[in-house]
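Novice: Structure incoming, see below.
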Amino acid sequence: MTAARAVPRTREGAAWRAGWRAQRGTWLFITSILFLCLFVQRFGTPLSGGNMSLNFVGPLGLFVALLATFAGVLAFHPTRLMIFLALVMLVMLGQVHAYLGIVADNGSVDLPSMSQWLGITSFAVFVCTQRIPEDEFFALVNKFLLVIAVAGIIQFFAQFVGISIFHFSGLLPPSILAESKWHLQIPMGIGDLYKSNGFFLVEPSVTSQFLAMGIIIEILFFRRTLYLLVFGFSLVLALSGTGELVLAAFVLTVAVRLRWKGVALAAACIAFAGVLAVVVMLTVPAVADLVAARLNEFNTIGSSGFIRFVTPFWLISDVFREYPGAPFFGIGAGMSERLTLPYHYSVDTPVKIAVEYGFPVLILYLSLFLSGRRTPRQSALVPPAFVLLMLAGAYQQFGPVVYLMTLLICTVSLTEVDPGARSPAWVARVQASSRRRGAITPSR
């Protein structure tokens with residue numbers, strides 16, 4: 001009886017090991033990209049006399065993708081490749097137009113900026129040749145994000161014992177760091193405390209946005225209480241509204257996709273967030289004052305919120321009024337950051353692309369990330385990922401954000417797993433292993 005039952009289990013184990021070996025290259029590629037995006041963000045090399053730096057993640061990520069392509073792990077996605085080639089053609093045409101006209105009195109086209117953007121964007125043309133189970137993929141993603149969340153919590157509370165490590169300058173050689181352009185150490189507004197930046201990430205805002213994606217993945221696939229609590233607590237310590245913006249995009253997506261059930265779930269999420277906010281504000285009154293001040297920034301000219309979310313629309317209006325051909329061809333690579341205007345302004349991803357390269361290029365850029373086959377739950381990640389990439393900051397040339405979002409919604413080829421399953425596949429394998437050792441495990 002025992003020998004007869006051991007045969008299928010042995011065959012099952014051998015089949016799983018053979019499948020893992022067949023997909024080993026895919027998992028190695030995924031792990032490499034996750035490691036680069038989450039733990040190498042701050043590393044780079046200085047350029048232009050030290051005023052600028054090249055982040056290592058951009059070229060290293062492309063190098064890994066090319067190696068994976070030669071190994072047969074990745075291939076070119078036909079539709080996205082055609083979109084990208086059309087995008088490159090329009091970008092080149094726009095730069096010729098800008099060079100012959102607009103930039104004559106305003107400097108020169110920033111070719112290194114354009115090359116960096118096109119190189120990082122080209123990551124979207126790759127797709128994995130083998131499908132992997134969606135639950136196993138997202139379980140791996142959230143394990144990486146859990147490390148960031150725990151590191152951020154430890155970093156924050158270490159301040160109470162006099163340990164404050166928010167940047168690597170002084171700890172590592174400056175020749176390998178690219179921290180100068182980022183706001184690594186931001187006061188929380190409560191005493192002498194600083195916002196958590198996840199220790200490995202470049203800013204509290206990026207930490208907040210990534211942890212928001214971790215919460216969304218957890219809700220969609222696993223709903224593990226410990227993960228949700230750790231992600232949520234670490235997100236609060238980062239104290240950045242852009243993470244909540246990403247979560248709001250997901251709540252709205254759920255409400256639309258699931259109709260009345262989705263509306264009920266969205267209402268529950270909003271109610272929970274409201275109760276949590278009230279508890280925090282009553283417990284720490286300084287937080288209430290800080291939140292009120294942040295909300296007032298949208299109406300205060302010159303404030304960070306006003307510059308970040310309002311002035312981009314002023315910029316588009318002023319540029320298109322001054323240069324009639326700009327909506328079609330743009331005003332040239334790098335020109336959006338060199339304009340002389342009577343106000344301080346900021347540019348996010350869609351505004352920068354529209355102003356520098358034109359609306360046709362922006363449409364192709366959006367299409368590049370929207371095309372391709374996805375599982376239903378993976379599709380639910382697209383709106384929050386788009387909000388993160390397009391509206392939460394000017395990330396179009398920042399490899400860690402572009403590569404991670406592209407990996408989640410474009411690069412991987414996933415096999416849909418029953419949404420009703422409570423445990424990811426690795427849990428089932430652990431239970432099977434326990435049964436083979438004679439352990440008693442409860443059935444689902």
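Residue numbers start at 1 in each chain; chains themselves are named A, B, ... in the order of the structure tokens; ligands are numbered from 1 in the order shown.
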Give me, as JSON lines, the closest atom pair and its distance (Å, one decimal) for every residue of stretch 323-377 of chain A within a cut-off of 12 Å of stretch 56-78 of chain A, counting only C-alpha atoms, rows sorted by chain and rising number.
Specialist:
```
{"residue": "A:Leu368", "atom": "CA", "partner": "A:His77", "partner_atom": "CA", "distance": 10.3}
{"residue": "A:Phe369", "atom": "CA", "partner": "A:His77", "partner_atom": "CA", "distance": 11.4}
{"residue": "A:Ser371", "atom": "CA", "partner": "A:His77", "partner_atom": "CA", "distance": 9.5}
{"residue": "A:Gly372", "atom": "CA", "partner": "A:His77", "partner_atom": "CA", "distance": 8.1}
{"residue": "A:Arg373", "atom": "CA", "partner": "A:His77", "partner_atom": "CA", "distance": 10.6}
```
Novice: Suppose we keep C-alpha atoms; can you now write the selection as an mmCIF file, in the first residue's frame?
Specialist:
```
data_model
loop_
_atom_site.group_PDB
_atom_site.id
_atom_site.type_symbol
_atom_site.label_atom_id
_atom_site.label_comp_id
_atom_site.auth_asym_id
_atom_site.auth_seq_id
_atom_site.Cartn_x
_atom_site.Cartn_y
_atom_site.Cartn_z
ATOM 1 C CA LEU A 368 3.194 50.050 -25.465
ATOM 2 C CA PHE A 369 2.236 49.153 -21.898
ATOM 3 C CA SER A 371 -0.913 45.793 -25.350
ATOM 4 C CA GLY A 372 -0.478 42.097 -24.645
ATOM 5 C CA ARG A 373 -2.329 39.236 -22.982
#
```
Novice: Write out as a short mmCIF file (atom, residue, chain, number, x, y, z; two decimals) with C-alpha atoms, in the first residue's frame which residues come within 8 Å of A:Asp110 when counting only C-alpha atoms, dropping same-chain ones fewer than 3 positions away.
Specialist:
```
data_model
loop_
_atom_site.label_atom_id
_atom_site.label_comp_id
_atom_site.auth_asym_id
_atom_site.auth_seq_id
_atom_site.Cartn_x
_atom_site.Cartn_y
_atom_site.Cartn_z
CA SER A 113 18.27 62.29 -22.30
CA MET A 114 16.43 61.01 -25.36
CA GLY A 332 12.73 68.72 -28.29
CA ALA A 333 14.26 66.25 -25.83
CA GLY A 334 15.12 67.84 -22.50
CA MET A 335 13.50 71.17 -23.37
#
```
Novice: Which distance in Å separates atom CA of A:Ser413 and atom CA of A:Arg131, to one decimal?
Specialist: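 Separation of atom CA of A:Ser413 and atom CA of A:Arg131: 4.7 Å.
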Novice: Taking 6 positions as the minimum chain separation for residues in the same chain, which residues sit within 10 Å of A:Thr406 when counting only C-alpha atoms? Answer as a ChimeraX atom specification.
Specialist: /A:121,123-127,368-369,382,385-386,389,400,412
Novice: Dump C-alpha atoms for the selected residues as a PDB file, in the first residue's frame?
Specialist:
```
ATOM      1  CA  THR A 121      11.392  52.212 -22.645  1.00  0.00           C
ATOM      2  CA  PHE A 123      12.435  47.034 -21.934  1.00  0.00           C
ATOM      3  CA  ALA A 124       8.706  46.806 -22.700  1.00  0.00           C
ATOM      4  CA  VAL A 125       9.281  44.999 -26.026  1.00  0.00           C
ATOM      5  CA  PHE A 126      10.443  41.821 -24.256  1.00  0.00           C
ATOM      6  CA  VAL A 127       8.165  39.011 -23.123  1.00  0.00           C
ATOM      7  CA  LEU A 368       3.194  50.050 -25.465  1.00  0.00           C
ATOM      8  CA  PHE A 369       2.236  49.153 -21.898  1.00  0.00           C
ATOM      9  CA  VAL A 382      -2.806  47.935 -14.799  1.00  0.00           C
ATOM     10  CA  ALA A 385       0.564  50.640 -12.141  1.00  0.00           C
ATOM     11  CA  PHE A 386      -0.276  53.348 -14.688  1.00  0.00           C
ATOM     12  CA  LEU A 389       4.267  55.308 -13.584  1.00  0.00           C
ATOM     13  CA  PRO A 400      13.711  50.839 -11.166  1.00  0.00           C
ATOM     14  CA  VAL A 412       5.903  38.012 -17.585  1.00  0.00           C
TER      15      VAL A 412
END
```
Novice: Rounded to one decimal place, report the atom CA of A:Asp418-atom CA of A:Pro133 distance in Å.
Specialist: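 Interatomic distance here is 10.3 Å.
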Novice: Which residue out of A:Val319, A:Cys128, A:Leu28, A:Leu146 has the minimum interatomic distance to A:Phe233 when only C-alpha atoms are used?
Specialist: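 Ranking A:Val319, A:Cys128, A:Leu28, A:Leu146 by distance to A:Phe233, first place goes to A:Leu146.
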Novice: Can you pull out every residue from stretch 73-137 of chain A that DSSP, working from the backbone, puts in helix (DSSP H, G or I), and format the result as a ChimeraX atom specification?
Specialist: /A:78-100,102-105,111-125,134-137
Novice: Dump C-alpha atoms for the selected residues as a PDB file, in the first residue's frame?
Specialist:
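Dumped to out-v9.pdb:
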```
ATOM      1  CA  PRO A  78       5.539  41.453 -32.016  1.00  0.00           C
ATOM      2  CA  THR A  79       2.890  44.086 -31.289  1.00  0.00           C
ATOM      3  CA  ARG A  80       4.942  45.995 -28.750  1.00  0.00           C
ATOM      4  CA  LEU A  81       8.002  45.866 -30.993  1.00  0.00           C
ATOM      5  CA  MET A  82       6.075  47.474 -33.852  1.00  0.00           C
ATOM      6  CA  ILE A  83       4.696  50.136 -31.498  1.00  0.00           C
ATOM      7  CA  PHE A  84       8.171  50.875 -30.179  1.00  0.00           C
ATOM      8  CA  LEU A  85       9.671  51.203 -33.672  1.00  0.00           C
ATOM      9  CA  ALA A  86       6.886  53.611 -34.650  1.00  0.00           C
ATOM     10  CA  LEU A  87       7.538  55.561 -31.452  1.00  0.00           C
ATOM     11  CA  VAL A  88      11.260  55.823 -32.253  1.00  0.00           C
ATOM     12  CA  MET A  89      10.494  57.030 -35.767  1.00  0.00           C
ATOM     13  CA  LEU A  90       8.182  59.790 -34.512  1.00  0.00           C
ATOM     14  CA  VAL A  91      10.682  60.796 -31.815  1.00  0.00           C
ATOM     15  CA  MET A  92      13.423  61.209 -34.426  1.00  0.00           C
ATOM     16  CA  LEU A  93      11.106  63.216 -36.676  1.00  0.00           C
ATOM     17  CA  GLY A  94      10.197  65.470 -33.756  1.00  0.00           C
ATOM     18  CA  GLN A  95      13.843  66.105 -32.903  1.00  0.00           C
ATOM     19  CA  VAL A  96      14.564  67.153 -36.472  1.00  0.00           C
ATOM     20  CA  HIS A  97      11.589  69.529 -36.333  1.00  0.00           C
ATOM     21  CA  ALA A  98      12.771  70.940 -33.002  1.00  0.00           C
ATOM     22  CA  TYR A  99      16.358  71.310 -34.181  1.00  0.00           C
ATOM     23  CA  LEU A 100      15.321  73.223 -37.297  1.00  0.00           C
ATOM     24  CA  ILE A 102      12.256  75.652 -31.727  1.00  0.00           C
ATOM     25  CA  VAL A 103      15.667  74.984 -30.171  1.00  0.00           C
ATOM     26  CA  ALA A 104      17.446  77.600 -32.272  1.00  0.00           C
ATOM     27  CA  ASP A 105      17.012  80.189 -29.524  1.00  0.00           C
ATOM     28  CA  LEU A 111      20.358  63.613 -27.073  1.00  0.00           C
ATOM     29  CA  PRO A 112      21.650  61.741 -23.974  1.00  0.00           C
ATOM     30  CA  SER A 113      18.267  62.287 -22.297  1.00  0.00           C
ATOM     31  CA  MET A 114      16.431  61.014 -25.361  1.00  0.00           C
ATOM     32  CA  SER A 115      18.724  57.981 -25.662  1.00  0.00           C
ATOM     33  CA  GLN A 116      18.288  57.093 -22.002  1.00  0.00           C
ATOM     34  CA  TRP A 117      14.503  57.338 -22.254  1.00  0.00           C
ATOM     35  CA  LEU A 118      14.324  55.193 -25.395  1.00  0.00           C
ATOM     36  CA  GLY A 119      16.693  52.626 -23.905  1.00  0.00           C
ATOM     37  CA  ILE A 120      14.670  52.230 -20.710  1.00  0.00           C
ATOM     38  CA  THR A 121      11.392  52.212 -22.645  1.00  0.00           C
ATOM     39  CA  SER A 122      12.686  49.418 -24.912  1.00  0.00           C
ATOM     40  CA  PHE A 123      12.435  47.034 -21.934  1.00  0.00           C
ATOM     41  CA  ALA A 124       8.706  46.806 -22.700  1.00  0.00           C
ATOM     42  CA  VAL A 125       9.281  44.999 -26.026  1.00  0.00           C
ATOM     43  CA  GLU A 134       0.543  33.815 -11.515  1.00  0.00           C
ATOM     44  CA  ASP A 135       0.333  33.076  -7.796  1.00  0.00           C
ATOM     45  CA  GLU A 136       3.954  31.894  -7.639  1.00  0.00           C
ATOM     46  CA  PHE A 137       5.151  34.985  -9.489  1.00  0.00           C
TER      47      PHE A 137
END
```
